$ cat coords.txt   # compact mmCIF, C-alpha atoms and all ligand atoms
# COMPACT_ATOMS: atom_id res chain seq x y z
CA MET A 161 15.34 8.72 18.78
CA ASP A 162 15.34 12.42 19.67
CA ALA A 163 14.34 12.72 23.36
CA ARG A 164 11.56 15.28 22.68
CA LEU A 165 10.01 12.98 20.11
CA GLU A 166 10.43 9.92 22.30
CA THR A 167 8.21 11.47 24.98
CA ILE A 168 5.49 12.11 22.41
CA ARG A 169 5.92 8.62 20.95
CA ASP A 170 5.60 7.00 24.39
CA THR A 171 2.32 8.81 24.97
CA VAL A 172 1.01 7.64 21.60
CA LEU A 173 1.92 4.04 22.44
CA ALA A 174 0.37 4.23 25.90
CA ARG A 175 -2.96 5.60 24.69
CA ASN A 176 -3.22 3.07 21.85
CA PRO A 177 -2.49 -0.21 23.66
CA GLY A 178 -2.24 -3.47 21.75
CA GLU A 179 -1.82 -1.85 18.34
CA GLY A 180 1.60 -3.34 17.55
CA GLU A 181 1.76 -2.48 13.85
CA PHE A 182 0.63 1.09 14.52
CA HIS A 183 3.34 1.45 17.19
CA GLN A 184 5.89 0.12 14.72
CA ALA A 185 4.87 2.54 11.96
CA VAL A 186 4.87 5.53 14.33
CA THR A 187 8.24 4.64 15.83
CA GLU A 188 9.80 4.20 12.40
CA VAL A 189 8.64 7.64 11.26
CA PHE A 190 9.60 9.39 14.53
CA GLU A 191 13.13 7.99 14.29
CA SER A 192 13.65 10.08 11.15
CA LEU A 193 12.17 13.33 12.41
CA GLY A 194 14.62 14.62 15.07
CA PRO A 195 16.61 16.85 12.68
CA VAL A 196 13.41 18.34 11.21
CA HIS A 197 12.35 19.54 14.65
CA ASP A 198 15.74 21.19 15.19
CA ARG A 199 15.12 23.24 12.07
CA HIS A 200 11.40 23.76 12.66
CA PRO A 201 10.64 24.40 16.33
CA GLU A 202 7.19 25.59 15.20
CA PHE A 203 6.24 21.96 14.57
CA LEU A 204 6.75 21.15 18.26
CA GLU A 205 4.98 24.32 19.41
CA GLY A 206 2.09 23.51 17.11
CA ALA A 207 1.82 19.96 18.50
CA VAL A 208 1.98 18.65 14.96
CA LEU A 209 3.12 15.14 15.92
CA GLU A 210 0.51 14.75 18.64
CA ARG A 211 -2.19 15.78 16.20
CA LEU A 212 -0.80 13.64 13.38
CA CYS A 213 -0.93 10.48 15.49
CA GLU A 214 -4.58 10.99 16.43
CA PRO A 215 -6.84 10.18 13.47
CA GLU A 216 -9.35 12.90 12.62
CA ARG A 217 -12.11 10.29 12.72
CA GLN A 218 -12.34 6.52 13.29
CA ILE A 219 -15.38 4.54 12.27
CA ILE A 220 -16.00 0.96 13.38
CA PHE A 221 -19.18 -0.81 12.32
CA ARG A 222 -20.99 -4.12 12.13
CA VAL A 223 -21.21 -5.79 8.73
CA PRO A 224 -24.01 -8.37 8.71
CA TRP A 225 -24.46 -10.55 5.61
CA VAL A 226 -25.94 -13.88 4.55
CA ASP A 227 -23.74 -16.71 3.21
CA ASP A 228 -24.70 -19.17 0.47
CA ALA A 229 -26.00 -21.65 3.03
CA GLY A 230 -28.42 -19.01 4.34
CA ARG A 231 -26.49 -18.49 7.59
CA PHE A 232 -26.12 -15.03 9.11
CA GLN A 233 -22.51 -13.84 9.26
CA ILE A 234 -21.08 -10.89 11.16
CA ASN A 235 -17.85 -9.08 10.39
CA ARG A 236 -16.32 -5.85 11.59
CA GLY A 237 -15.81 -2.89 9.26
CA PHE A 238 -13.32 -0.03 9.73
CA ARG A 239 -12.56 3.32 8.18
CA VAL A 240 -9.87 5.43 9.78
CA GLU A 241 -9.87 8.96 8.39
CA PHE A 242 -6.40 9.92 9.47
CA ASN A 243 -5.42 13.26 8.00
CA SER A 244 -7.03 15.64 5.53
CA ALA A 245 -4.46 18.46 5.51
CA LEU A 246 -3.59 17.93 1.84
CA GLY A 247 -6.89 16.71 0.43
CA PRO A 248 -9.79 14.32 1.04
CA PHE A 249 -8.88 11.19 2.99
CA LYS A 250 -7.54 8.68 0.49
CA GLY A 251 -6.50 5.07 0.86
CA GLY A 252 -7.56 1.53 0.24
CA LEU A 253 -9.83 -1.02 1.88
CA ARG A 254 -8.33 -4.31 3.01
CA PHE A 255 -10.45 -7.45 3.39
CA HIS A 256 -8.41 -10.03 5.27
CA PRO A 257 -8.96 -12.02 8.46
CA SER A 258 -5.93 -10.32 10.08
CA VAL A 259 -7.53 -6.86 9.86
CA ASN A 260 -8.06 -5.06 13.17
CA LEU A 261 -7.92 -1.44 14.29
CA GLY A 262 -4.13 -1.50 14.81
CA ILE A 263 -3.53 -2.75 11.28
CA VAL A 264 -5.87 -0.19 9.74
CA LYS A 265 -4.19 2.56 11.77
CA PHE A 266 -0.69 1.56 10.72
CA LEU A 267 -1.82 1.54 7.09
CA GLY A 268 -3.64 4.86 7.44
CA PHE A 269 -0.67 6.48 9.17
CA GLU A 270 1.73 5.36 6.42
CA GLN A 271 -0.75 6.54 3.83
CA ILE A 272 -0.51 10.16 5.05
CA PHE A 273 3.17 10.40 4.16
CA LYS A 274 2.91 8.25 1.04
CA ASN A 275 0.14 10.40 -0.36
CA ALA A 276 2.06 13.58 0.48
CA LEU A 277 5.09 12.25 -1.40
CA THR A 278 3.06 11.76 -4.58
CA GLY A 279 2.60 15.53 -4.81
CA MET A 280 -1.11 14.98 -5.45
CA PRO A 281 -3.87 16.67 -3.39
CA ILE A 282 -4.83 13.69 -1.23
CA GLY A 283 -4.98 13.17 2.54
CA GLY A 284 -4.51 9.82 4.26
CA GLY A 285 -6.99 7.16 5.33
CA LYS A 286 -7.52 3.43 5.29
CA GLY A 287 -10.23 0.91 5.97
CA GLY A 288 -11.28 -2.65 5.64
CA SER A 289 -12.73 -5.63 7.37
CA ASP A 290 -11.75 -8.90 9.00
CA PHE A 291 -13.88 -10.61 6.31
CA ASP A 292 -12.00 -13.48 4.65
CA PRO A 293 -12.77 -13.56 0.91
CA ARG A 294 -10.90 -16.82 0.40
CA GLY A 295 -13.25 -19.58 -0.80
CA ARG A 296 -16.25 -17.25 -0.92
CA SER A 297 -18.56 -17.29 -3.96
CA ASP A 298 -19.18 -14.26 -6.14
CA GLY A 299 -22.61 -13.91 -4.57
CA GLU A 300 -21.18 -13.91 -1.06
CA ILE A 301 -18.57 -11.30 -2.02
CA MET A 302 -21.30 -9.12 -3.53
CA ARG A 303 -23.58 -9.37 -0.49
CA PHE A 304 -20.69 -8.62 1.83
CA CYS A 305 -19.64 -5.56 -0.22
CA GLN A 306 -23.23 -4.30 -0.34
CA SER A 307 -23.59 -4.60 3.41
CA PHE A 308 -20.21 -2.93 3.99
CA MET A 309 -21.21 0.02 1.81
CA THR A 310 -24.63 0.27 3.45
CA GLU A 311 -22.80 1.73 6.45
CA LEU A 312 -19.73 3.23 4.75
CA TYR A 313 -21.66 5.38 2.24
CA ARG A 314 -22.55 8.01 4.85
CA HIS A 315 -18.89 8.68 5.63
CA ILE A 316 -17.35 8.96 2.15
CA GLY A 317 -17.60 11.26 -0.86
CA GLU A 318 -15.56 12.84 -3.62
CA TYR A 319 -14.58 15.75 -1.34
CA THR A 320 -14.56 13.81 1.94
CA ASP A 321 -13.00 10.37 1.72
CA VAL A 322 -12.19 8.28 -1.35
CA PRO A 323 -11.57 4.56 -0.70
CA ALA A 324 -9.96 2.14 -3.15
CA GLY A 325 -8.57 -1.40 -3.10
CA ASP A 326 -5.88 -3.10 -1.05
CA ILE A 327 -5.38 -6.79 -0.14
CA GLY A 328 -8.61 -8.68 -0.91
CA VAL A 329 -10.23 -5.73 -2.66
CA GLY A 330 -9.82 -5.43 -6.44
CA GLY A 331 -11.93 -4.47 -9.42
CA ARG A 332 -14.74 -6.90 -8.63
CA GLU A 333 -15.20 -5.61 -5.08
CA ILE A 334 -14.94 -1.94 -6.13
CA GLY A 335 -17.72 -2.67 -8.64
CA TYR A 336 -20.06 -4.06 -6.00
CA LEU A 337 -19.20 -1.23 -3.59
CA PHE A 338 -19.77 1.43 -6.24
CA GLY A 339 -23.07 -0.10 -7.33
CA GLN A 340 -24.38 -0.04 -3.78
CA TYR A 341 -23.18 3.53 -3.16
CA LYS A 342 -24.98 4.66 -6.31
CA ARG A 343 -28.14 2.84 -5.35
CA ILE A 344 -28.29 4.28 -1.83
CA THR A 345 -27.37 7.85 -2.72
CA ASN A 346 -28.99 8.08 -6.15
CA ARG A 347 -25.80 9.77 -7.39
CA TYR A 348 -23.37 8.70 -10.06
CA GLU A 349 -20.44 10.11 -8.15
CA SER A 350 -17.44 8.66 -10.00
CA GLY A 351 -14.92 10.33 -7.71
CA VAL A 352 -16.10 8.51 -4.57
CA LEU A 353 -14.05 5.37 -5.21
CA THR A 354 -10.97 4.60 -7.31
CA GLY A 355 -9.93 1.39 -8.97
CA LYS A 356 -13.18 1.35 -10.96
CA GLY A 357 -13.65 -0.55 -14.23
CA ILE A 358 -12.53 1.22 -17.40
CA SER A 359 -16.02 1.50 -18.90
CA TRP A 360 -17.49 3.13 -15.79
CA GLY A 361 -15.00 5.77 -14.72
CA GLY A 362 -11.82 3.84 -14.00
CA SER A 363 -8.35 4.77 -15.19
CA LEU A 364 -6.09 2.81 -17.47
CA VAL A 365 -2.85 1.81 -15.70
CA ARG A 366 -4.51 1.80 -12.24
CA PRO A 367 -4.38 -2.03 -12.04
CA GLU A 368 -0.70 -2.07 -13.03
CA ALA A 369 0.32 1.06 -11.16
CA THR A 370 1.53 -0.18 -7.75
CA GLY A 371 3.70 -2.98 -9.19
CA TYR A 372 4.97 -0.89 -12.09
CA GLY A 373 5.69 2.03 -9.79
CA THR A 374 7.66 -0.13 -7.36
CA VAL A 375 9.90 -1.29 -10.19
CA ILE A 376 10.29 2.23 -11.60
CA PHE A 377 11.32 3.50 -8.15
CA THR A 378 13.78 0.62 -7.71
CA GLN A 379 15.20 1.23 -11.17
CA GLU A 380 15.86 4.86 -10.19
CA MET A 381 17.69 3.69 -7.06
CA LEU A 382 19.77 1.25 -9.15
CA LYS A 383 20.68 4.06 -11.56
CA THR A 384 22.36 5.99 -8.74
CA ARG A 385 24.89 3.13 -8.66
CA GLY A 386 25.21 2.87 -12.44
CA GLN A 387 23.00 -0.22 -12.55
CA SER A 388 19.59 -1.23 -13.89
CA PHE A 389 17.16 -4.16 -13.84
CA GLU A 390 18.90 -5.66 -16.89
CA GLY A 391 20.30 -9.06 -15.93
CA GLN A 392 19.16 -8.89 -12.27
CA ARG A 393 17.93 -11.99 -10.49
CA VAL A 394 14.74 -10.91 -8.79
CA VAL A 395 12.67 -12.57 -6.09
CA VAL A 396 9.16 -11.27 -5.47
CA SER A 397 6.90 -12.22 -2.58
CA GLY A 398 3.15 -12.41 -3.04
CA SER A 399 1.21 -13.19 -6.20
CA GLY A 400 -1.58 -10.63 -6.03
CA ASN A 401 -2.05 -7.49 -8.07
CA VAL A 402 1.12 -5.75 -6.85
CA ALA A 403 3.37 -8.80 -7.26
CA ILE A 404 2.10 -9.76 -10.73
CA ASN A 405 2.59 -6.28 -12.14
CA ALA A 406 5.99 -5.87 -10.50
CA ILE A 407 7.05 -9.15 -12.13
CA ALA A 408 5.77 -8.00 -15.53
CA LYS A 409 7.57 -4.65 -15.32
CA ALA A 410 10.85 -6.05 -13.97
CA GLN A 411 10.97 -8.66 -16.73
CA GLY A 412 10.11 -5.97 -19.28
CA LEU A 413 13.25 -4.16 -18.11
CA GLY A 414 15.41 -7.24 -18.66
CA ALA A 415 15.41 -8.91 -15.24
CA THR A 416 14.65 -12.56 -14.54
CA VAL A 417 12.08 -12.98 -11.80
CA VAL A 418 12.71 -16.47 -10.47
CA ALA A 419 10.13 -16.76 -7.70
CA CYS A 420 6.92 -15.53 -6.14
CA SER A 421 4.72 -16.79 -3.32
CA ASP A 422 1.26 -17.08 -1.81
CA SER A 423 0.23 -17.79 1.76
CA SER A 424 0.73 -21.56 1.22
CA GLY A 425 4.15 -21.66 -0.44
CA TYR A 426 6.25 -20.41 -3.33
CA ILE A 427 7.28 -21.34 -6.86
CA VAL A 428 10.79 -21.29 -8.28
CA ASP A 429 10.96 -20.85 -12.04
CA GLU A 430 14.59 -20.26 -13.01
CA ALA A 431 13.68 -19.46 -16.63
CA GLY A 432 11.68 -16.46 -15.40
CA ILE A 433 8.04 -16.44 -14.36
CA ASP A 434 5.47 -16.75 -17.16
CA VAL A 435 3.38 -13.70 -16.25
CA GLU A 436 0.47 -14.57 -18.52
CA LEU A 437 0.13 -18.02 -16.94
CA LEU A 438 0.38 -16.47 -13.49
CA ARG A 439 -2.34 -13.92 -14.37
CA GLN A 440 -4.56 -16.69 -15.75
CA ILE A 441 -4.25 -18.75 -12.56
CA LYS A 442 -4.48 -15.95 -10.03
CA GLU A 443 -6.72 -13.34 -11.66
CA VAL A 444 -8.97 -15.33 -14.02
CA GLU A 445 -9.28 -18.65 -12.20
CA ARG A 446 -8.70 -17.18 -8.72
CA GLY A 447 -6.62 -20.30 -8.07
CA ARG A 448 -3.54 -21.07 -5.99
CA LEU A 449 0.12 -20.80 -6.93
CA LYS A 450 0.51 -24.57 -6.65
CA ASP A 451 -1.48 -24.86 -9.91
CA TYR A 452 1.37 -23.08 -11.74
CA GLU A 453 3.74 -26.00 -11.17
CA ALA A 454 1.59 -28.50 -13.07
CA ARG A 455 1.20 -26.20 -16.06
CA ARG A 456 4.81 -25.31 -16.80
CA SER A 457 7.99 -27.39 -16.97
CA ASN A 458 11.05 -27.02 -14.76
CA VAL A 459 9.15 -25.35 -11.96
CA THR A 460 9.44 -26.28 -8.31
CA TYR A 461 6.65 -25.56 -5.86
CA VAL A 462 7.78 -25.37 -2.26
CA ASP A 463 5.00 -26.02 0.21
CA GLY A 464 5.40 -23.71 3.22
CA GLY A 465 8.79 -22.10 3.84
CA SER A 466 9.75 -18.59 2.88
CA VAL A 467 10.55 -17.19 -0.54
CA TRP A 468 13.28 -15.20 1.26
CA ASP A 469 15.29 -18.42 1.57
CA LEU A 470 16.22 -17.87 -2.09
CA ASP A 471 19.11 -15.73 -3.31
CA ALA A 472 18.45 -12.58 -5.31
CA THR A 473 20.19 -9.42 -6.44
CA VAL A 474 16.91 -7.51 -6.17
CA ALA A 475 14.16 -8.32 -3.66
CA LEU A 476 10.64 -6.96 -4.12
CA PRO A 477 8.48 -7.80 -1.09
CA CYS A 478 4.92 -7.42 -2.39
CA ALA A 479 2.93 -9.60 0.03
CA THR A 480 2.15 -8.08 3.44
CA GLN A 481 3.51 -6.40 6.58
CA ASN A 482 6.45 -7.89 8.48
CA GLU A 483 7.00 -10.71 6.01
CA LEU A 484 10.78 -10.23 5.77
CA ASP A 485 12.70 -10.44 9.06
CA GLY A 486 16.22 -9.60 10.18
CA ASP A 487 17.61 -13.10 9.63
CA ALA A 488 16.27 -13.27 6.10
CA ALA A 489 17.63 -9.80 5.41
CA ALA A 490 21.10 -10.76 6.68
CA ARG A 491 21.12 -13.90 4.55
CA LEU A 492 20.03 -12.01 1.43
CA VAL A 493 22.72 -9.38 1.99
CA ARG A 494 25.41 -12.06 2.49
CA ASN A 495 24.40 -13.64 -0.81
CA GLY A 496 24.71 -10.64 -3.08
CA LEU A 497 21.60 -8.51 -2.61
CA LEU A 498 21.87 -5.04 -4.22
CA ALA A 499 18.45 -3.52 -3.74
CA VAL A 500 15.06 -3.87 -2.06
CA GLY A 501 11.90 -2.14 -3.30
CA GLU A 502 8.90 -2.54 -1.02
CA GLY A 503 5.73 -3.13 -3.05
CA ALA A 504 3.78 -4.00 0.11
CA ASN A 505 3.22 -1.73 3.11
CA MET A 506 5.89 -2.22 5.82
CA PRO A 507 6.91 -5.73 4.62
CA SER A 508 10.37 -5.48 6.23
CA THR A 509 10.56 -5.74 10.01
CA ARG A 510 12.48 -3.08 11.89
CA ASP A 511 15.39 -5.54 12.23
CA ALA A 512 15.37 -6.18 8.50
CA VAL A 513 15.41 -2.46 7.70
CA ALA A 514 18.36 -2.02 10.08
CA VAL A 515 20.27 -4.82 8.32
CA PHE A 516 19.59 -3.33 4.88
CA GLN A 517 20.63 0.14 5.97
CA ASP A 518 23.75 -0.96 7.84
CA SER A 519 24.93 -2.98 4.87
CA GLY A 520 24.59 -0.02 2.53
CA ILE A 521 22.34 -1.74 -0.01
CA LEU A 522 19.65 0.32 -1.74
CA PHE A 523 16.45 0.22 0.30
CA GLY A 524 13.23 1.80 -0.98
CA PRO A 525 10.58 1.90 1.80
CA GLY A 526 6.98 1.16 0.86
CA LYS A 527 5.65 4.63 1.50
CA ALA A 528 7.85 5.84 -1.37
CA ALA A 529 8.32 2.75 -3.53
CA ASN A 530 4.68 1.63 -3.65
CA ALA A 531 3.10 5.09 -3.96
CA GLY A 532 2.37 4.53 -7.66
CA GLY A 533 -0.95 2.87 -6.87
CA VAL A 534 -2.44 5.72 -4.91
CA ALA A 535 -0.84 8.27 -7.24
CA THR A 536 -2.68 6.69 -10.15
CA SER A 537 -5.84 6.71 -8.04
CA ALA A 538 -5.34 10.47 -7.84
CA LEU A 539 -4.99 10.52 -11.63
CA GLU A 540 -8.28 8.60 -11.79
CA MET A 541 -9.88 11.30 -9.59
CA GLN A 542 -8.48 13.95 -11.90
CA GLN A 543 -10.01 12.22 -14.95
CA ASN A 544 -13.34 11.82 -13.12
CA ALA A 545 -13.39 15.52 -12.14
CA SER A 546 -12.87 16.57 -15.76
CA ARG A 547 -15.09 13.77 -17.16
CA ASP A 548 -12.18 12.66 -19.29
CA SER A 549 -10.29 9.42 -19.86
CA TRP A 550 -6.66 9.33 -20.78
CA SER A 551 -4.75 6.86 -22.97
CA PHE A 552 -2.61 4.13 -21.48
CA ALA A 553 0.54 5.77 -22.79
CA HIS A 554 -0.28 9.18 -21.32
CA THR A 555 -1.28 7.76 -17.94
CA GLU A 556 1.82 5.57 -17.78
CA GLU A 557 3.95 8.58 -18.59
CA ARG A 558 2.36 10.50 -15.71
CA LEU A 559 2.98 7.53 -13.37
CA THR A 560 6.62 7.35 -14.43
CA GLU A 561 7.08 11.11 -13.89
CA ILE A 562 5.52 10.82 -10.43
CA MET A 563 7.69 7.86 -9.39
CA VAL A 564 10.89 9.47 -10.66
CA GLY A 565 9.82 12.64 -8.83
CA ILE A 566 9.27 10.74 -5.57
CA HIS A 567 12.65 9.07 -5.93
CA ASP A 568 14.42 12.34 -6.58
CA ARG A 569 12.66 14.14 -3.73
CA CYS A 570 13.55 11.36 -1.27
CA ALA A 571 17.16 11.36 -2.46
CA ALA A 572 17.44 15.16 -2.30
CA THR A 573 15.85 15.31 1.17
CA ALA A 574 18.17 12.59 2.50
CA ALA A 575 21.17 14.51 1.16
CA GLU A 576 19.86 17.80 2.55
CA TYR A 577 19.63 16.22 6.01
CA GLY A 578 23.14 14.84 5.78
CA ASP A 579 22.50 11.17 5.03
CA PRO A 580 22.62 10.69 1.25
CA GLY A 581 21.15 7.41 -0.01
CA ASN A 582 18.93 7.00 3.07
CA TYR A 583 15.53 6.70 1.38
CA VAL A 584 13.80 5.98 4.70
CA LEU A 585 14.91 9.35 6.03
CA GLY A 586 14.13 11.08 2.74
CA ALA A 587 10.63 9.61 2.50
CA ASN A 588 9.69 10.27 6.12
CA ILE A 589 10.99 13.83 6.20
CA GLY A 590 9.76 14.68 2.68
CA GLY A 591 6.23 13.47 3.42
CA PHE A 592 6.09 14.88 6.94
CA VAL A 593 7.21 18.44 6.20
CA LYS A 594 4.57 18.87 3.53
CA VAL A 595 1.78 17.69 5.81
CA ALA A 596 3.11 19.61 8.84
CA ASP A 597 3.27 22.90 6.91
CA ALA A 598 -0.30 22.44 5.69
CA MET A 599 -1.53 21.60 9.19
CA LEU A 600 0.04 24.71 10.70
CA ALA A 601 -1.35 26.89 7.91
CA GLN A 602 -4.86 25.58 8.58
CA GLY A 603 -4.84 26.42 12.29
CA LEU A 604 -5.70 24.16 15.19
CA ILE A 605 -7.54 21.29 13.51
N1 LIG A 701 -4.06 0.43 -1.03
C1 LIG A 701 -3.12 1.13 -1.86
C2 LIG A 701 -2.01 1.70 -1.02
O1 LIG A 701 -1.57 1.05 -0.09
C3 LIG A 701 -3.79 2.12 -2.79
C4 LIG A 701 -4.72 3.10 -2.17
C5 LIG A 701 -5.51 3.94 -3.17
O2 LIG A 701 -5.39 3.76 -4.38
O3 LIG A 701 -6.24 4.81 -2.69
O4 LIG A 701 -1.48 2.75 -1.23
$ encode --input "coords.txt" --output "structure tokens"
Amino acid sequence: MDARLETIRDTVLARNPGEGEFHQAVTEVFESLGPVHDRHPEFLEGAVLERLCEPERQIIFRVPWVDDAGRFQINRGFRVEFNSALGPFKGGLRFHPSVNLGIVKFLGFEQIFKNALTGMPIGGGKGGSDFDPRGRSDGEIMRFCQSFMTELYRHIGEYTDVPAGDIGVGGREIGYLFGQYKRITNRYESGVLTGKGISWGGSLVRPEATGYGTVIFTQEMLKTRGQSFEGQRVVVSGSGNVAINAIAKAQGLGATVVACSDSSGYIVDEAGIDVELLRQIKEVERGRLKDYEARRSNVTYVDGGSVWDLDATVALPCATQNELDGDAAARLVRNGLLAVGEGANMPSTRDAVAVFQDSGILFGPGKAANAGGVATSALEMQQNASRDSWSFAHTEERLTEIMVGIHDRCAATAAEYGDPGNYVLGANIGGFVKVADAMLAQGLI
């Protein structure tokens, strides 16, 4: 890392102790930014990095709610409003027991650059709670969401901060959150949340967008080597919204997706995953992946273990941060891996990224490859602002244009900075320069 940047990075780490994932995300971005500061000394003079690493506002709050047995429960809620240089804070809410301030900050920090890369007018933020939705009834989910919004409503707004979904937060939760916001404020403010239902201000393609976008980005990377998804053997991790839609899109482009996982284990289906069955089990029944085995022939369910023990030509990590380590990366590369497209945020450890980059395979980092979700959220905001709703075909076309645009910008930036094919460099520099220019233009904020 550039020595000037290392000093700044060390200060960031020291004043944010114990936030391992945030440290990791900051370090990874700083490693790309040395050459930018040679060309743009004004970024150092303007203390852009110091400002960028300090969120504009961080909100932590108590979320009290009552479970079905009548017991009082307490969780912790977060919203980190990281950077609004390009637009209102924008980013999802994650409900998962692992959520803490460091996780929300890593996600919010990544979101700044991701959102900049989309070319849409959105700043970066993230939030969530350590609430565990697993095994909770609909009523419990609703009461939790209502309590969460009872505090959050005063901090958000169409022109201020626009939350959406992430792990553990989908259409159902956005519905309960929106209903409570409307009730408290007495305003039908569609643009305050994205990921809404189609009949009440949502956008077509938003549910598919992150998974589809990851595959579109990966397809663009494959094209640079004269290849495509046709005939690829794909392994996906996760079985949530991102994974399911990545599987659907990859198979639509002629690949065979042979495996996906949940937190208990993974399935291997050599004939290619039956996406409709997977949707039925995961989205309709809210069941576990193990149920898939009993309902389709020639499927193996592996209890525990890692889906990255399987061989693939394309790997799409769509589960969670740091799920794919250096050893798994080395094994995948030895066994014929061509490309990785990150559907999740920071799913590859730093060791894994180093292995992928050293081996010269195509590696699409999450902040570029999974930007289709938030980009389509911005399209939802655009439709809300004009009180319009677009067709599936039109919205999908916009998503495709945006993903191809992100790919091309990352590739061009990497080449401009002397390391063609390095999408990590391209994404970090491409996102950063846009935000840095806007910050300098807006004065000391
Ligand atoms: N949580 C998603 C992400 O990681 C989407 C955020 C949004 O739509 O605002 O980018």
$ closest_residue --input "coords.txt" --among "A:Ala229, A:Ile220, A:Ala454, A:Ile301" --to "Asn260 in chain A" --atoms "all atoms listed in the file"
A:Ile220
$ residues_around --input "coords.txt" --residues "range 206-208 of chain A" --least-positions-apart "5" --cutoff "9 Å" --atoms "all atoms listed in the file" --output "list in words"
Pro201, Cys213, Ala596, Met599, Leu600, Gly603 and Leu604 of chain A
$ axis_aligned_box --input "coords.txt" --around "ligand LIG 701 (chain A)" --padding-each-side "8 Å" --output "lines of an AutoDock Vina configuration file"
center_x = -3.9
center_y = 2.6
center_z = -2.2
size_x = 20.8
size_y = 20.4
size_z = 20.3
$ residues_around --input "coords.txt" --residues "Gly268 in chain A" --least-positions-apart "6" --cutoff "10 Å" --atoms "only C-alpha atoms" --output "list of chain:residue names"
A:Phe182, A:Ala185, A:Pro215, A:Arg239, A:Val240, A:Glu241, A:Phe242, A:Asn243, A:Phe249, A:Lys250, A:Gly251, A:Gly252, A:Gly262, A:Lys274, A:Gly283, A:Gly284, A:Gly285, A:Lys286, A:Gly287
$ atom_distance --input "coords.txt" --atom1 "CA of Asp429 in chain A" --atom2 "CA of Gly330 in chain A"
26.5 Å
$ residues_near_ligand --input "coords.txt" --ligand "ligand LIG 701 (chain A)" --cutoff "9 Å" --atoms "only C-alpha atoms and all ligand atoms" --output "PyMOL selection string"
chain A and resi 249-254+267-268+270-271+274-275+284-286+322-327+329+353-355+366+370+503-505+526-527+530-538
$ residues_around --input "coords.txt" --residues "range 308-317 of chain A" --least-positions-apart "3" --cutoff "7 Å" --atoms "only C-alpha atoms" --output "ChimeraX atom specification"
/A:223,237,304-305,320-322,337,340-341,352
$ write_last_selection --input "coords.txt" --atoms "C-alpha atoms" --output "PDB file, in the coordinates of the input"
ATOM      1  CA  VAL A 223     -21.210  -5.790   8.730  1.00  0.00           C
ATOM      2  CA  GLY A 237     -15.810  -2.890   9.260  1.00  0.00           C
ATOM      3  CA  PHE A 304     -20.690  -8.620   1.830  1.00  0.00           C
ATOM      4  CA  CYS A 305     -19.640  -5.560  -0.220  1.00  0.00           C
ATOM      5  CA  THR A 320     -14.560  13.810   1.940  1.00  0.00           C
ATOM      6  CA  ASP A 321     -13.000  10.370   1.720  1.00  0.00           C
ATOM      7  CA  VAL A 322     -12.190   8.280  -1.350  1.00  0.00           C
ATOM      8  CA  LEU A 337     -19.200  -1.230  -3.590  1.00  0.00           C
ATOM      9  CA  GLN A 340     -24.380  -0.040  -3.780  1.00  0.00           C
ATOM     10  CA  TYR A 341     -23.180   3.530  -3.160  1.00  0.00           C
ATOM     11  CA  VAL A 352     -16.100   8.510  -4.570  1.00  0.00           C
TER      12      VAL A 352
END
$ closest_residue --input "coords.txt" --among "A:Ala545, A:Val584, A:Ala601, A:Val418" --to "Ser350 in chain A" --atoms "all atoms listed in the file"
A:Ala545
$ residues_near_point --input "coords.txt" --point "(11.6, -4.5, -3.5)" --cutoff "8 Å" --atoms "all atoms listed in the file" --output "ChimeraX atom specification"
/A:374-375,378,396,474-478,499-503,523-524,529
$ decode --input "coords.txt" --residues "range 205-211 of chain A" --atoms "N, CA, C and O atoms" --output "mmCIF file, in the first residue's frame"
data_model
loop_
_atom_site.group_PDB
_atom_site.id
_atom_site.type_symbol
_atom_site.label_atom_id
_atom_site.label_comp_id
_atom_site.auth_asym_id
_atom_site.auth_seq_id
_atom_site.Cartn_x
_atom_site.Cartn_y
_atom_site.Cartn_z
ATOM 1 N N GLU A 205 -4.825 16.744 -0.169
ATOM 2 C CA GLU A 205 -4.949 18.067 0.466
ATOM 3 C C GLU A 205 -6.358 18.275 1.023
ATOM 4 O O GLU A 205 -6.540 18.906 2.063
ATOM 5 N N GLY A 206 -7.326 17.747 0.340
ATOM 6 C CA GLY A 206 -8.720 17.906 0.768
ATOM 7 C C GLY A 206 -9.158 16.875 1.789
ATOM 8 O O GLY A 206 -10.342 16.806 2.115
ATOM 9 N N ALA A 207 -8.215 16.058 2.269
ATOM 10 C CA ALA A 207 -8.517 15.030 3.283
ATOM 11 C C ALA A 207 -9.728 14.168 2.882
ATOM 12 O O ALA A 207 -10.573 13.838 3.711
ATOM 13 N N VAL A 208 -9.777 13.826 1.606
ATOM 14 C CA VAL A 208 -10.928 13.078 1.114
ATOM 15 C C VAL A 208 -11.025 11.700 1.793
ATOM 16 O O VAL A 208 -12.106 11.291 2.240
ATOM 17 N N LEU A 209 -9.904 11.009 1.905
ATOM 18 C CA LEU A 209 -9.959 9.659 2.493
ATOM 19 C C LEU A 209 -10.360 9.697 3.963
ATOM 20 O O LEU A 209 -11.155 8.872 4.413
ATOM 21 N N GLU A 210 -9.800 10.649 4.695
ATOM 22 C CA GLU A 210 -10.152 10.764 6.117
ATOM 23 C C GLU A 210 -11.647 11.005 6.279
ATOM 24 O O GLU A 210 -12.298 10.442 7.149
ATOM 25 N N ARG A 211 -12.174 11.875 5.408
ATOM 26 C CA ARG A 211 -13.604 12.186 5.497
ATOM 27 C C ARG A 211 -14.452 10.993 5.079
ATOM 28 O O ARG A 211 -15.484 10.689 5.683
#
